[in-house]
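Engineer: Contents of input-v2.cif (mmCIF, C-alpha atoms):
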```cif
data_structure
#
loop_
_atom_site.group_PDB
_atom_site.id
_atom_site.type_symbol
_atom_site.label_atom_id
_atom_site.label_comp_id
_atom_site.auth_asym_id
_atom_site.auth_seq_id
_atom_site.Cartn_x
_atom_site.Cartn_y
_atom_site.Cartn_z
ATOM 1 C CA MET A 1 -206.558 -20.960 -223.837
ATOM 2 C CA PRO A 2 -203.710 -18.719 -222.616
ATOM 3 C CA GLU A 3 -202.475 -18.312 -226.189
ATOM 4 C CA ASP A 4 -205.900 -17.075 -227.238
ATOM 5 C CA HIS A 5 -205.892 -14.520 -224.491
ATOM 6 C CA VAL A 6 -202.455 -13.225 -225.413
ATOM 7 C CA GLU A 7 -203.466 -12.760 -229.026
ATOM 8 C CA ASP A 8 -206.771 -11.117 -228.131
ATOM 9 C CA ASN A 9 -205.153 -8.744 -225.657
ATOM 10 C CA SER A 10 -202.822 -7.436 -228.330
ATOM 11 C CA THR A 11 -205.350 -7.006 -231.134
ATOM 12 C CA THR A 12 -208.605 -5.963 -229.468
ATOM 13 C CA PRO A 13 -209.150 -2.255 -228.628
ATOM 14 C CA GLY A 14 -209.871 -1.288 -225.043
ATOM 15 C CA LEU A 15 -213.643 -0.689 -225.073
ATOM 16 C CA PRO A 16 -214.609 -3.694 -227.274
ATOM 17 C CA ARG A 17 -212.319 -5.857 -225.169
ATOM 18 C CA LEU A 18 -214.010 -4.656 -221.975
ATOM 19 C CA VAL A 19 -217.467 -5.297 -223.453
ATOM 20 C CA CYS A 20 -216.513 -8.809 -224.587
ATOM 21 C CA LEU A 21 -214.996 -9.617 -221.208
ATOM 22 C CA ALA A 22 -218.138 -8.429 -219.429
ATOM 23 C CA LEU A 23 -220.559 -10.236 -221.739
ATOM 24 C CA PHE A 24 -218.706 -13.398 -222.761
ATOM 25 C CA GLY A 25 -215.755 -13.718 -220.407
ATOM 26 C CA THR A 26 -213.329 -13.602 -223.355
ATOM 27 C CA PRO A 27 -211.306 -10.608 -224.609
ATOM 28 C CA SER A 28 -212.823 -10.800 -228.113
ATOM 29 C CA LEU A 29 -215.445 -12.503 -230.253
ATOM 30 C CA LYS A 30 -212.691 -14.459 -231.987
ATOM 31 C CA GLY A 31 -211.675 -15.879 -228.637
ATOM 32 C CA LEU A 32 -215.291 -16.885 -227.995
ATOM 33 C CA LEU A 33 -215.494 -18.469 -231.449
ATOM 34 C CA ARG A 34 -212.381 -20.553 -230.776
ATOM 35 C CA ILE A 35 -213.893 -21.815 -227.529
ATOM 36 C CA ILE A 36 -217.146 -22.778 -229.284
ATOM 37 C CA LEU A 37 -215.342 -24.501 -232.151
ATOM 38 C CA ALA A 38 -213.158 -26.407 -229.687
ATOM 39 C CA ASN A 39 -216.381 -28.104 -228.540
ATOM 40 C CA ASP A 40 -215.082 -28.904 -225.078
ATOM 41 C CA LYS A 41 -216.070 -28.199 -221.500
ATOM 42 C CA ARG A 42 -214.842 -24.619 -221.685
ATOM 43 C CA TRP A 43 -217.809 -23.553 -223.793
ATOM 44 C CA GLU A 44 -220.325 -25.280 -221.545
ATOM 45 C CA THR A 45 -218.732 -23.586 -218.545
ATOM 46 C CA GLN A 46 -218.773 -20.248 -220.351
ATOM 47 C CA ARG A 47 -222.405 -20.671 -221.377
ATOM 48 C CA GLN A 48 -223.437 -21.588 -217.833
ATOM 49 C CA LEU A 49 -221.688 -18.511 -216.455
ATOM 50 C CA MET A 50 -223.593 -16.295 -218.892
ATOM 51 C CA ILE A 51 -226.875 -17.995 -218.006
ATOM 52 C CA ASP A 52 -226.243 -17.689 -214.263
ATOM 53 C CA ARG A 53 -225.349 -14.011 -214.576
ATOM 54 C CA THR A 54 -228.482 -13.233 -216.574
ATOM 55 C CA THR A 55 -230.628 -15.234 -214.165
ATOM 56 C CA ASN A 56 -229.246 -13.230 -211.249
ATOM 57 C CA ILE A 57 -230.023 -9.982 -213.065
ATOM 58 C CA ASN A 58 -233.563 -11.181 -213.757
ATOM 59 C CA THR A 59 -234.014 -12.040 -210.086
ATOM 60 C CA VAL A 60 -232.905 -8.583 -208.984
ATOM 61 C CA SER A 61 -235.124 -6.949 -211.620
ATOM 62 C CA ALA A 62 -238.089 -8.961 -210.392
ATOM 63 C CA LEU A 63 -237.425 -7.624 -206.879
ATOM 64 C CA VAL A 64 -236.926 -4.024 -207.992
ATOM 65 C CA LEU A 65 -240.179 -3.898 -209.949
ATOM 66 C CA PRO A 66 -242.613 -4.365 -207.027
ATOM 67 C CA THR A 67 -240.484 -2.040 -204.904
ATOM 68 C CA ALA A 68 -240.887 0.752 -207.441
ATOM 69 C CA ALA A 69 -244.584 -0.046 -207.793
ATOM 70 C CA ALA A 70 -245.020 0.285 -204.028
ATOM 71 C CA PHE A 71 -243.767 3.870 -204.146
ATOM 72 C CA LEU A 72 -246.140 4.625 -207.020
ATOM 73 C CA THR A 73 -249.228 3.299 -205.265
ATOM 74 C CA THR A 74 -248.679 4.603 -201.732
ATOM 75 C CA SER A 75 -248.309 8.045 -200.213
ATOM 76 C CA SER A 76 -245.450 9.268 -198.042
ATOM 77 C CA PRO A 77 -245.854 8.066 -194.431
ATOM 78 C CA THR A 78 -243.967 11.038 -193.009
ATOM 79 C CA ALA A 79 -243.119 14.611 -193.917
ATOM 80 C CA ILE A 80 -239.417 13.714 -193.956
ATOM 81 C CA VAL A 81 -239.891 12.271 -197.455
ATOM 82 C CA ASN A 82 -242.288 13.410 -200.147
ATOM 83 C CA TRP A 83 -242.365 11.055 -203.103
ATOM 84 C CA SER A 84 -245.724 12.429 -204.209
ATOM 85 C CA HIS A 85 -243.801 15.347 -205.694
ATOM 86 C CA THR A 86 -243.454 15.277 -209.474
ATOM 87 C CA VAL A 87 -239.695 14.653 -209.588
ATOM 88 C CA PRO A 88 -239.468 11.580 -207.319
ATOM 89 C CA TYR A 89 -242.733 10.187 -208.658
ATOM 90 C CA VAL A 90 -241.477 10.370 -212.247
ATOM 91 C CA CYS A 91 -238.197 8.773 -211.146
ATOM 92 C CA PHE A 92 -240.021 5.861 -209.526
ATOM 93 C CA LEU A 93 -242.157 5.489 -212.640
ATOM 94 C CA ALA A 94 -239.094 5.485 -214.909
ATOM 95 C CA GLY A 95 -237.332 3.050 -212.577
ATOM 96 C CA SER A 96 -240.206 0.596 -212.837
ATOM 97 C CA VAL A 97 -240.115 0.882 -216.637
ATOM 98 C CA PHE A 98 -236.387 0.138 -216.765
ATOM 99 C CA ALA A 99 -236.801 -2.762 -214.348
ATOM 100 C CA THR A 100 -239.479 -4.210 -216.636
ATOM 101 C CA LEU A 101 -237.214 -3.773 -219.665
ATOM 102 C CA SER A 102 -234.385 -5.484 -217.795
ATOM 103 C CA LEU A 103 -236.595 -8.437 -216.953
ATOM 104 C CA LEU A 104 -237.970 -8.829 -220.483
ATOM 105 C CA SER A 105 -234.599 -8.431 -222.182
ATOM 106 C CA GLY A 106 -233.116 -10.897 -219.696
ATOM 107 C CA LEU A 107 -235.584 -13.516 -220.857
ATOM 108 C CA GLY A 108 -234.517 -12.809 -224.435
ATOM 109 C CA VAL A 109 -230.854 -13.160 -223.499
ATOM 110 C CA LEU A 110 -231.490 -16.525 -221.862
ATOM 111 C CA GLY A 111 -233.097 -17.769 -225.062
ATOM 112 C CA PHE A 112 -230.238 -16.413 -227.164
ATOM 113 C CA VAL A 113 -227.468 -17.855 -224.987
ATOM 114 C CA ASN A 114 -229.110 -21.277 -224.809
ATOM 115 C CA THR A 115 -229.135 -21.471 -228.614
ATOM 116 C CA LEU A 116 -225.827 -19.681 -229.285
ATOM 117 C CA GLN A 117 -223.721 -21.541 -231.847
ATOM 118 C CA SER A 118 -220.539 -20.810 -233.772
ATOM 119 C CA ASP A 119 -222.464 -19.622 -236.854
ATOM 120 C CA ALA A 120 -224.054 -16.817 -234.831
ATOM 121 C CA VAL A 121 -220.629 -15.603 -233.687
ATOM 122 C CA LYS A 122 -219.252 -15.791 -237.237
ATOM 123 C CA GLU A 123 -222.197 -13.716 -238.437
ATOM 124 C CA MET A 124 -221.504 -11.132 -235.728
ATOM 125 C CA LEU A 125 -217.883 -10.904 -236.870
ATOM 126 C CA TYR A 126 -218.947 -10.365 -240.487
ATOM 127 C CA ASN A 127 -222.165 -8.323 -240.238
ATOM 128 C CA LYS A 128 -222.044 -5.094 -238.209
ATOM 129 C CA ARG A 129 -225.830 -4.907 -237.912
ATOM 130 C CA LYS A 130 -226.015 -8.373 -236.384
ATOM 131 C CA PHE A 131 -223.109 -7.495 -234.118
ATOM 132 C CA PHE A 132 -224.840 -4.345 -232.880
ATOM 133 C CA GLU A 133 -228.190 -6.087 -232.408
ATOM 134 C CA ARG A 134 -226.839 -9.017 -230.420
ATOM 135 C CA ILE A 135 -224.412 -7.006 -228.330
ATOM 136 C CA THR A 136 -227.247 -4.599 -227.498
ATOM 137 C CA LEU A 137 -229.481 -7.510 -226.518
ATOM 138 C CA LEU A 138 -226.790 -8.980 -224.283
ATOM 139 C CA MET A 139 -226.107 -5.629 -222.630
ATOM 140 C CA MET A 140 -229.724 -4.596 -222.086
ATOM 141 C CA PRO A 141 -230.491 -6.608 -218.910
ATOM 142 C CA PHE A 142 -227.560 -5.134 -217.012
ATOM 143 C CA LEU A 143 -227.842 -1.630 -218.464
ATOM 144 C CA CYS A 144 -231.589 -1.423 -217.823
ATOM 145 C CA LEU A 145 -231.164 -2.728 -214.290
ATOM 146 C CA PHE A 146 -228.343 -0.253 -213.703
ATOM 147 C CA MET A 147 -230.515 2.597 -214.976
ATOM 148 C CA ALA A 148 -233.443 1.406 -212.854
ATOM 149 C CA GLY A 149 -231.297 1.358 -209.729
ATOM 150 C CA LEU A 150 -229.725 4.727 -210.470
ATOM 151 C CA ILE A 151 -233.059 6.411 -211.205
ATOM 152 C CA LEU A 152 -234.679 4.909 -208.114
ATOM 153 C CA VAL A 153 -231.820 6.192 -205.972
ATOM 154 C CA VAL A 154 -232.235 9.645 -207.519
ATOM 155 C CA GLY A 155 -235.969 9.414 -206.869
ATOM 156 C CA PHE A 156 -235.454 8.544 -203.219
ATOM 157 C CA VAL A 157 -232.884 11.319 -202.776
ATOM 158 C CA SER A 158 -235.231 13.840 -204.379
ATOM 159 C CA ALA A 159 -238.094 12.600 -202.181
ATOM 160 C CA VAL A 160 -235.998 13.381 -199.113
ATOM 161 C CA TRP A 161 -234.900 16.664 -200.663
ATOM 162 C CA PHE A 162 -238.517 17.756 -201.027
ATOM 163 C CA GLY A 163 -239.183 16.751 -197.420
ATOM 164 C CA ASN A 164 -238.836 19.001 -194.394
ATOM 165 C CA SER A 165 -235.896 17.450 -192.513
ATOM 166 C CA ILE A 166 -232.505 19.117 -192.896
ATOM 167 C CA LEU A 167 -230.774 16.257 -191.085
ATOM 168 C CA ALA A 168 -232.299 13.694 -193.441
ATOM 169 C CA LYS A 169 -231.236 15.770 -196.442
ATOM 170 C CA THR A 170 -227.659 15.959 -195.160
ATOM 171 C CA VAL A 171 -227.416 12.232 -194.471
ATOM 172 C CA VAL A 172 -228.984 11.217 -197.781
ATOM 173 C CA MET A 173 -226.876 13.613 -199.857
ATOM 174 C CA THR A 174 -223.732 12.288 -198.180
ATOM 175 C CA GLY A 175 -224.801 8.746 -198.949
ATOM 176 C CA PHE A 176 -225.590 9.717 -202.536
ATOM 177 C CA ALA A 177 -222.107 11.193 -202.941
ATOM 178 C CA PHE A 178 -220.594 7.899 -201.759
ATOM 179 C CA PHE A 179 -222.906 6.060 -204.158
ATOM 180 C CA ILE A 180 -221.622 8.063 -207.137
ATOM 181 C CA PHE A 181 -218.050 7.532 -205.968
ATOM 182 C CA MET A 182 -218.677 3.778 -205.735
ATOM 183 C CA ILE A 183 -220.010 3.699 -209.313
ATOM 184 C CA PHE A 184 -216.935 5.552 -210.544
ATOM 185 C CA MET A 185 -214.582 3.220 -208.692
ATOM 186 C CA THR A 186 -216.400 0.145 -210.020
ATOM 187 C CA PHE A 187 -216.138 1.169 -213.663
ATOM 188 C CA ASP A 188 -212.578 2.412 -213.208
ATOM 189 C CA SER A 189 -211.546 -0.952 -211.753
ATOM 190 C CA LEU A 190 -213.008 -2.749 -214.784
ATOM 191 C CA SER A 191 -210.891 -0.824 -217.281
ATOM 192 C CA VAL A 192 -207.282 -1.774 -218.010
ATOM 193 C CA ASN A 193 -204.759 0.858 -219.058
ATOM 194 C CA LYS A 194 -202.284 -0.728 -221.455
ATOM 195 C CA ASP A 195 -199.656 1.880 -220.553
ATOM 196 C CA ASN A 196 -199.725 0.553 -216.989
ATOM 197 C CA VAL A 197 -199.430 -3.012 -218.274
ATOM 198 C CA ARG A 198 -196.442 -2.094 -220.435
ATOM 199 C CA GLY A 199 -194.916 -0.218 -217.500
ATOM 200 C CA TYR A 200 -195.200 -3.314 -215.322
ATOM 201 C CA GLU A 201 -193.688 -5.509 -218.038
ATOM 202 C CA ASN A 202 -190.788 -3.078 -218.475
ATOM 203 C CA MET A 203 -190.263 -3.037 -214.713
ATOM 204 C CA GLU A 204 -190.159 -6.837 -214.616
ATOM 205 C CA ARG A 205 -187.669 -6.948 -217.496
ATOM 206 C CA LEU A 206 -185.517 -4.402 -215.680
ATOM 207 C CA HIS A 207 -185.567 -6.526 -212.529
ATOM 208 C CA VAL A 208 -184.580 -9.620 -214.502
ATOM 209 C CA THR A 209 -181.744 -7.728 -216.185
ATOM 210 C CA THR A 210 -180.554 -6.355 -212.853
ATOM 211 C CA ARG A 211 -180.550 -9.799 -211.250
ATOM 212 C CA ALA A 212 -178.706 -11.274 -214.224
ATOM 213 C CA SER A 213 -176.078 -8.535 -214.019
ATOM 214 C CA ALA A 214 -175.685 -9.108 -210.296
ATOM 215 C CA ASP A 215 -175.219 -12.838 -210.852
ATOM 216 C CA MET A 216 -172.582 -12.216 -213.520
ATOM 217 C CA THR A 217 -170.732 -9.886 -211.159
ATOM 218 C CA THR A 218 -170.853 -12.401 -208.316
ATOM 219 C CA GLU A 219 -169.479 -15.344 -210.331
ATOM 220 C CA PRO A 220 -165.985 -13.871 -211.054
ATOM 221 C CA SER A 221 -165.612 -12.865 -207.403
ATOM 222 C CA THR A 222 -166.391 -16.405 -206.318
ATOM 223 C CA MET A 223 -163.918 -17.862 -208.804
ATOM 224 C CA CYS A 224 -161.165 -15.523 -207.583
ATOM 225 C CA GLN A 225 -161.710 -16.651 -204.010
ATOM 226 C CA LEU A 226 -161.362 -20.262 -205.113
#
```
Please rewrite the model in this file as structure tokens.
Structural biologist:
Amino acid sequence: MPEDHVEDNSTTPGLPRLVCLALFGTPSLKGLLRIILANDKRWETQRQLMIDRTTNINTVSALVLPTAAAFLTTSSPTAIVNWSHTVPYVCFLAGSVFATLSLLSGLGVLGFVNTLQSDAVKEMLYNKRKFFERITLLMMPFLCLFMAGLILVVGFVSAVWFGNSILAKTVVMTGFAFFIFMIFMTFDSLSVNKDNVRGYENMERLHVTTRASADMTTEPSTMCQL
């Protein structure tokens, strides 16, 4: 397993590697294929992780959908928020659509993962259309849920913005700024800069060389004392 990861890290570009890590837990499709062909517990563990992740996304989508529907079917209880305005109402409508897409695509992903075999991965490696189709299917539950959450947050912020409370607008806009910052930090933490990795490796080699030089300098001094 470690050998596979070393090889994949050196041959897979940054974005495809990040996508494969997020979807399959391996740095590349070739790494996933090796796990499947090995026919051991690693693949069953990997499959279960993918199923659990998709199930969790489906659960969240199922909770988001009625929440968005509640905003669509009720009026604002106070003048502080006004989600009857066109902008927040359209956002809540779009959020419910994306939540539905996330739920439906999640069901498709569960069916695909449960029947995923080595031939399907080989076909993805050979046929770009199949690769695009299946990667898109695997990404849709998370992407649609992410879009649903983002649009619903924008809808709620705009509902407060079209309200009549300056204090509420200030608090919500501050929270929205932190929300955007959190999204940026999350995606930035998922990416790996290979220059930083090489810098760390060079630093470690320098430390090893320095320690070796220090040891070589210490040995003659010890012998002279003897």
Engineer: List every protein, DNA or RNA residue with an atom no more than 12 Å from (-238.5, 9.9, -201.2) in the file's coordinates, counting all atoms listed in the file, and format the result as a PyMOL selection string.
Structural biologist: chain A and resi 68+70-72+74-92+151-165+168-169+172
Engineer: Would you mind reading off the distance between CA of Phe24 (chain A) and CA of Ser105 (chain A), one decimal, in Å?
Structural biologist: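 It comes out at 16.7 Å.
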Engineer: Just the number, please: distance in Å from CA of Thr73 (chain A) to CA of Ala99 (chain A), one decimal.
Structural biologist: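 CA of Ala99 (chain A) lies at a distance of 16.5 Å from CA of Thr73 (chain A).
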Engineer: Report the residues retrieved by the PyMOL selection byres ((chain A and resi 51) around 10) from the displayed file, expressed as a ChimeraX atom specification.
Structural biologist: /A:45-50,52-57,106,109-114
Engineer: What do you get, as a CSV table (one decimal) with C-alpha atoms, in the frame of the given file, if you spell out every residue that the PyMOL selection byres ((chain A and resi 137-143) around 7) selects here?
Structural biologist:
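The resulting selection.csv:
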```csv
chain,number,residue,atom,x,y,z
A,23,LEU,CA,-220.6,-10.2,-221.7
A,57,ILE,CA,-230.0,-10.0,-213.1
A,102,SER,CA,-234.4,-5.5,-217.8
A,103,LEU,CA,-236.6,-8.4,-217.0
A,105,SER,CA,-234.6,-8.4,-222.2
A,106,GLY,CA,-233.1,-10.9,-219.7
A,109,VAL,CA,-230.9,-13.2,-223.5
A,133,GLU,CA,-228.2,-6.1,-232.4
A,134,ARG,CA,-226.8,-9.0,-230.4
A,135,ILE,CA,-224.4,-7.0,-228.3
A,136,THR,CA,-227.2,-4.6,-227.5
A,144,CYS,CA,-231.6,-1.4,-217.8
A,145,LEU,CA,-231.2,-2.7,-214.3
A,146,PHE,CA,-228.3,-0.3,-213.7
A,147,MET,CA,-230.5,2.6,-215.0
```
Engineer: For Trp43 (chain A), which residue out of A:Thr174, A:Ser189, A:Thr210, A:Thr26 is the nearest one, using all atoms listed in the file?
Structural biologist: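 That would be A:Thr26, the residue with the smallest distance to Trp43 (chain A).
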Engineer: Go through A:Thr170, A:Ser96, A:Thr209, A:Asn202 and flag the residue nearest Ala62 (chain A), using all atoms listed in the file for the distances.
Structural biologist: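 Ranking A:Thr170, A:Ser96, A:Thr209, A:Asn202 by distance to Ala62 (chain A), first place goes to A:Ser96.
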Engineer: State, in Å with one decimal place, the distance from CA of Leu93 (chain A) to CA of Leu63 (chain A).
Structural biologist: 15.1 Å
Engineer: Listed atoms of region 128-138 of chain A, axis-aligned box, 4 Å per side: centre and edge lengths to one decimal in Å, as JSON?
Structural biologist:
```
{"center_x": -225.8, "center_y": -6.7, "center_z": -231.2, "size_x": 15.4, "size_y": 12.7, "size_z": 21.9}
```
Engineer: Please produce, as JSON lines, a per-residue contact table for region 71-165 of chain A versus region 29-40 of chain A (criterion: any atom at most 8 Å away, all atoms listed in the file considered), showing the nearest atom pair and its distance in Å to one decimal, sorted by chain then residue number.
Structural biologist:
```
{"residue": "A:Gln117", "atom": "CA", "partner": "A:Ile36", "partner_atom": "CA", "distance": 7.2}
{"residue": "A:Ser118", "atom": "CA", "partner": "A:Ile36", "partner_atom": "CA", "distance": 6.0}
{"residue": "A:Val121", "atom": "CA", "partner": "A:Leu33", "partner_atom": "CA", "distance": 6.3}
{"residue": "A:Lys122", "atom": "CA", "partner": "A:Leu33", "partner_atom": "CA", "distance": 7.4}
{"residue": "A:Leu125", "atom": "CA", "partner": "A:Leu29", "partner_atom": "CA", "distance": 7.2}
```
